[in-house]
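See below for start09.txt, which holds compact mmCIF, C-alpha atoms.
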```txt
# COMPACT_ATOMS: atom_id res chain seq x y z
CA MET Y 1 144.90 -179.22 114.69
CA SER Y 2 147.05 -176.68 116.45
CA THR Y 3 148.89 -177.22 119.69
CA ASP Y 4 146.69 -174.52 121.27
CA THR Y 5 143.55 -176.42 120.21
CA ASN Y 6 144.87 -179.62 121.79
CA ILE Y 7 145.77 -177.83 125.02
CA ALA Y 8 142.30 -176.29 125.13
CA SER Y 9 140.74 -179.72 124.61
CA GLN Y 10 142.86 -181.16 127.44
CA GLN Y 11 141.77 -178.28 129.68
CA ALA Y 12 138.11 -178.95 128.79
CA PHE Y 13 138.58 -182.64 129.68
CA ARG Y 14 140.04 -181.68 133.08
CA ALA Y 15 137.21 -179.20 133.72
CA ALA Y 16 134.65 -181.90 132.90
CA VAL Y 17 136.26 -184.24 135.45
CA ASN Y 18 136.55 -181.54 138.13
CA GLU Y 19 132.95 -180.38 137.64
CA GLY Y 20 131.41 -183.84 137.19
CA ARG Y 21 130.19 -183.04 133.65
CA LEU Y 22 131.28 -186.42 132.33
CA GLU Y 23 128.83 -186.40 129.42
CA ALA Y 24 131.18 -183.79 127.88
CA PHE Y 25 133.59 -186.60 126.98
CA ALA Y 26 131.36 -187.33 123.95
CA ASP Y 27 132.63 -184.05 122.45
CA LEU Y 28 136.24 -184.38 123.65
CA VAL Y 29 137.28 -187.98 122.94
CA THR Y 30 137.49 -190.02 119.71
CA PRO Y 31 135.13 -193.04 119.59
CA ALA Y 32 138.09 -195.46 119.54
CA SER Y 33 140.26 -193.57 122.07
CA VAL Y 34 142.51 -195.88 124.07
CA ASP Y 35 143.59 -195.30 127.67
CA HIS Y 36 146.83 -197.26 127.94
CA ASP Y 37 146.72 -196.94 131.73
CA GLY Y 38 142.97 -197.18 132.22
CA GLY Y 39 141.08 -198.44 135.24
CA PRO Y 40 140.07 -202.07 135.65
CA GLY Y 41 137.71 -203.05 132.84
CA GLN Y 42 137.76 -199.57 131.29
CA GLY Y 43 136.52 -199.72 127.71
CA PRO Y 44 137.50 -197.48 124.80
CA GLY Y 45 136.19 -194.10 123.79
CA PRO Y 46 134.04 -191.58 125.62
CA ASP Y 47 131.97 -194.31 127.33
CA GLY Y 48 135.09 -195.87 128.84
CA TYR Y 49 136.27 -192.56 130.28
CA GLN Y 50 132.77 -191.74 131.51
CA ALA Y 51 132.42 -195.10 133.30
CA PHE Y 52 135.86 -194.77 134.91
CA PHE Y 53 135.37 -191.21 136.15
CA THR Y 54 131.78 -191.91 137.28
CA GLU Y 55 133.15 -194.62 139.57
CA LEU Y 56 136.01 -192.42 140.75
CA ARG Y 57 133.76 -189.44 141.48
CA ALA Y 58 131.32 -191.72 143.37
CA ALA Y 59 134.21 -192.67 145.66
CA PHE Y 60 135.64 -189.12 145.79
CA PRO Y 61 132.84 -186.59 145.09
CA ASP Y 62 135.22 -183.66 145.60
CA LEU Y 63 137.83 -185.10 143.18
CA HIS Y 64 139.96 -182.29 141.80
CA THR Y 65 142.89 -182.16 139.39
CA GLU Y 66 145.19 -179.15 139.45
CA VAL Y 67 147.64 -178.92 136.54
CA GLU Y 68 151.13 -177.82 137.61
CA HIS Y 69 152.98 -177.85 134.29
CA VAL Y 70 152.03 -178.34 130.62
CA THR Y 71 154.18 -178.94 127.58
CA ALA Y 72 152.91 -179.63 124.08
CA ALA Y 73 154.26 -180.44 120.63
CA GLU Y 74 152.26 -181.20 117.51
CA ASP Y 75 149.57 -183.74 118.52
CA ASP Y 76 150.87 -184.43 122.04
CA VAL Y 77 150.09 -182.67 125.32
CA ALA Y 78 151.95 -183.69 128.49
CA PHE Y 79 151.30 -182.38 131.96
CA ALA Y 80 152.11 -182.85 135.62
CA TYR Y 81 149.25 -182.59 138.08
CA THR Y 82 148.15 -182.82 141.69
CA LEU Y 83 145.03 -184.89 142.42
CA THR Y 84 143.02 -184.40 145.61
CA GLY Y 85 139.85 -185.88 147.05
CA THR Y 86 138.02 -187.20 150.10
CA HIS Y 87 137.05 -190.87 150.37
CA SER Y 88 133.27 -190.58 150.77
CA GLY Y 89 132.08 -193.61 148.76
CA SER Y 90 133.11 -197.18 148.04
CA PHE Y 91 136.51 -197.43 146.33
CA GLN Y 92 137.95 -200.68 144.98
CA GLY Y 93 135.81 -202.63 147.44
CA HIS Y 94 136.77 -200.45 150.43
CA GLN Y 95 134.13 -198.65 152.45
CA PRO Y 96 134.55 -194.88 152.86
CA THR Y 97 137.22 -193.80 155.33
CA GLY Y 98 136.40 -190.08 155.31
CA LYS Y 99 140.12 -189.41 154.80
CA SER Y 100 141.51 -187.02 152.20
CA PHE Y 101 144.46 -187.52 149.87
CA THR Y 102 146.85 -185.44 147.80
CA VAL Y 103 148.98 -187.20 145.17
CA ARG Y 104 150.97 -186.27 142.09
CA GLY Y 105 150.83 -187.67 138.57
CA VAL Y 106 151.83 -187.19 134.96
CA GLN Y 107 149.95 -187.74 131.73
CA ILE Y 108 150.68 -187.74 128.02
CA SER Y 109 147.75 -187.31 125.64
CA ARG Y 110 147.72 -187.70 121.87
CA PHE Y 111 145.08 -185.84 119.90
CA GLU Y 112 143.47 -186.33 116.49
CA GLY Y 113 141.51 -183.39 115.14
CA GLY Y 114 141.44 -181.77 118.58
CA LEU Y 115 140.00 -184.93 120.23
CA LEU Y 116 141.74 -187.20 122.74
CA ALA Y 117 142.85 -190.33 120.84
CA GLU Y 118 145.31 -191.94 123.29
CA ARG Y 119 146.31 -191.46 126.90
CA TRP Y 120 149.28 -192.67 128.93
CA GLY Y 121 149.58 -191.73 132.58
CA SER Y 122 150.69 -192.51 136.06
CA THR Y 123 149.24 -191.41 139.38
CA ASP Y 124 150.77 -192.20 142.77
CA GLU Y 125 148.20 -194.92 143.55
CA ALA Y 126 150.32 -196.37 146.38
CA GLY Y 127 150.45 -192.94 148.03
CA LEU Y 128 146.70 -192.53 147.62
CA LEU Y 129 145.96 -195.90 149.29
CA LYS Y 130 148.44 -195.17 152.10
CA GLN Y 131 146.88 -191.77 152.82
CA LEU Y 132 143.43 -193.41 152.99
CA GLY Y 133 144.76 -196.06 155.39
CA LEU Y 134 144.06 -198.84 152.89
CA ALA Y 135 147.67 -199.95 152.31
```

Could you render the structure from this file as structure tokens?
Amino acid sequence: MSTDTNIASQQAFRAAVNEGRLEAFADLVTPASVDHDGGPGQGPGPDGYQAFFTELRAAFPDLHTEVEHVTAAEDDVAFAYTLTGTHSGSFQGHQPTGKSFTVRGVQISRFEGGLLAERWGSTDEAGLLKQLGLA
């Protein structure tokens, strides 16, 4: 697939997360997709991503990812982003604090046929916990 197709697929994935349309992962992710930096117990494929983001959006219903920079080559799309949210539900065993956070992160995605096949990423989790008063 073309670089533009892969970028569009990555944008559709982000929109699904931001809008809470997590069932869209079935059309955006390969069945055996691996998240090399997944959440605790996250399984492969669309179901793994859906379970992870369902839990995250339950903790942060206003979760939002804003992409700051994108670069792509062949089957890879890399981007820097800002993640925001308000702690309104249980998160990693912590009761809601009502506090908001803003953290940065980076991600590299590899695509097969326009579908997400692998993901590597890093979000400032320590900063997120500190802003919520949990660290």

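Counting only C-alpha atoms and comparing Y:Pro46, Y:Gly121, Y:Gly105, Y:Gly133, the residue that lies closest to Ala24 in chain Y is Y:Pro46.
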
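The shortest atom-to-atom distance to Ser2 in chain Y, with only C-alpha atoms taken into account, belongs to Y:Val77 out of Y:Val34, Y:Val77, Y:Ala135, Y:Ala26.
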
Considering only C-alpha atoms, tabulate each residue of range 60-105 of chain Y that lies at most 9 Å from range 4-12 of chain Y along with its nearest interatomic pair and the corresponding distance in Å to one decimal; arrange the rows by chain and ascending residue number and present them as a Markdown table.
```
| residue | atom | partner | partner_atom | distance |
| --- | --- | --- | --- | --- |
| Y:Val70 | CA | Y:Ile7 | CA | 8.4 |
| Y:Thr71 | CA | Y:Ile7 | CA | 8.9 |
| Y:Ala72 | CA | Y:Ile7 | CA | 7.4 |
| Y:Glu74 | CA | Y:Asn6 | CA | 8.7 |
| Y:Asp75 | CA | Y:Asn6 | CA | 7.1 |
| Y:Asp76 | CA | Y:Asn6 | CA | 7.7 |
| Y:Val77 | CA | Y:Ile7 | CA | 6.5 |
```

May I have the residues from that selection written out with C-alpha atoms, as a compact mmCIF listing (two decimals), keeping the file's coordinate frame?
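Just written: out39.txt:
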```txt
# COMPACT_ATOMS: atom_id res chain seq x y z
CA VAL Y 70 152.03 -178.34 130.62
CA THR Y 71 154.18 -178.94 127.58
CA ALA Y 72 152.91 -179.63 124.08
CA GLU Y 74 152.26 -181.20 117.51
CA ASP Y 75 149.57 -183.74 118.52
CA ASP Y 76 150.87 -184.43 122.04
CA VAL Y 77 150.09 -182.67 125.32
```

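Taking all atoms listed in the file into account, Pro44 in chain Y lies nearest to Y:Ala32 out of the set Y:Ala32, Y:Met1, Y:Val103, Y:Ala58.
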
Requested in this report: Identify the residues around (134.8, -183.2, 135.6) within a radius of 12 Å, measuring from only C-alpha atoms in the coordinates stated by the file, and give them as an NGL selection string.
Outcome: :Y and (10-25 or 49-50 or 52-54 or 56-57 or 60-66)

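Across the model, the gap from CA of Gly114 in chain Y to CA of Thr82 in chain Y is 24.1 Å.
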
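Each of Y:Gln107, Y:Phe79, Y:Gly39, Y:Glu112 was checked against Gln92 in chain Y using all atoms listed in the file; the smallest atom-to-atom distance is that of Y:Gly39.
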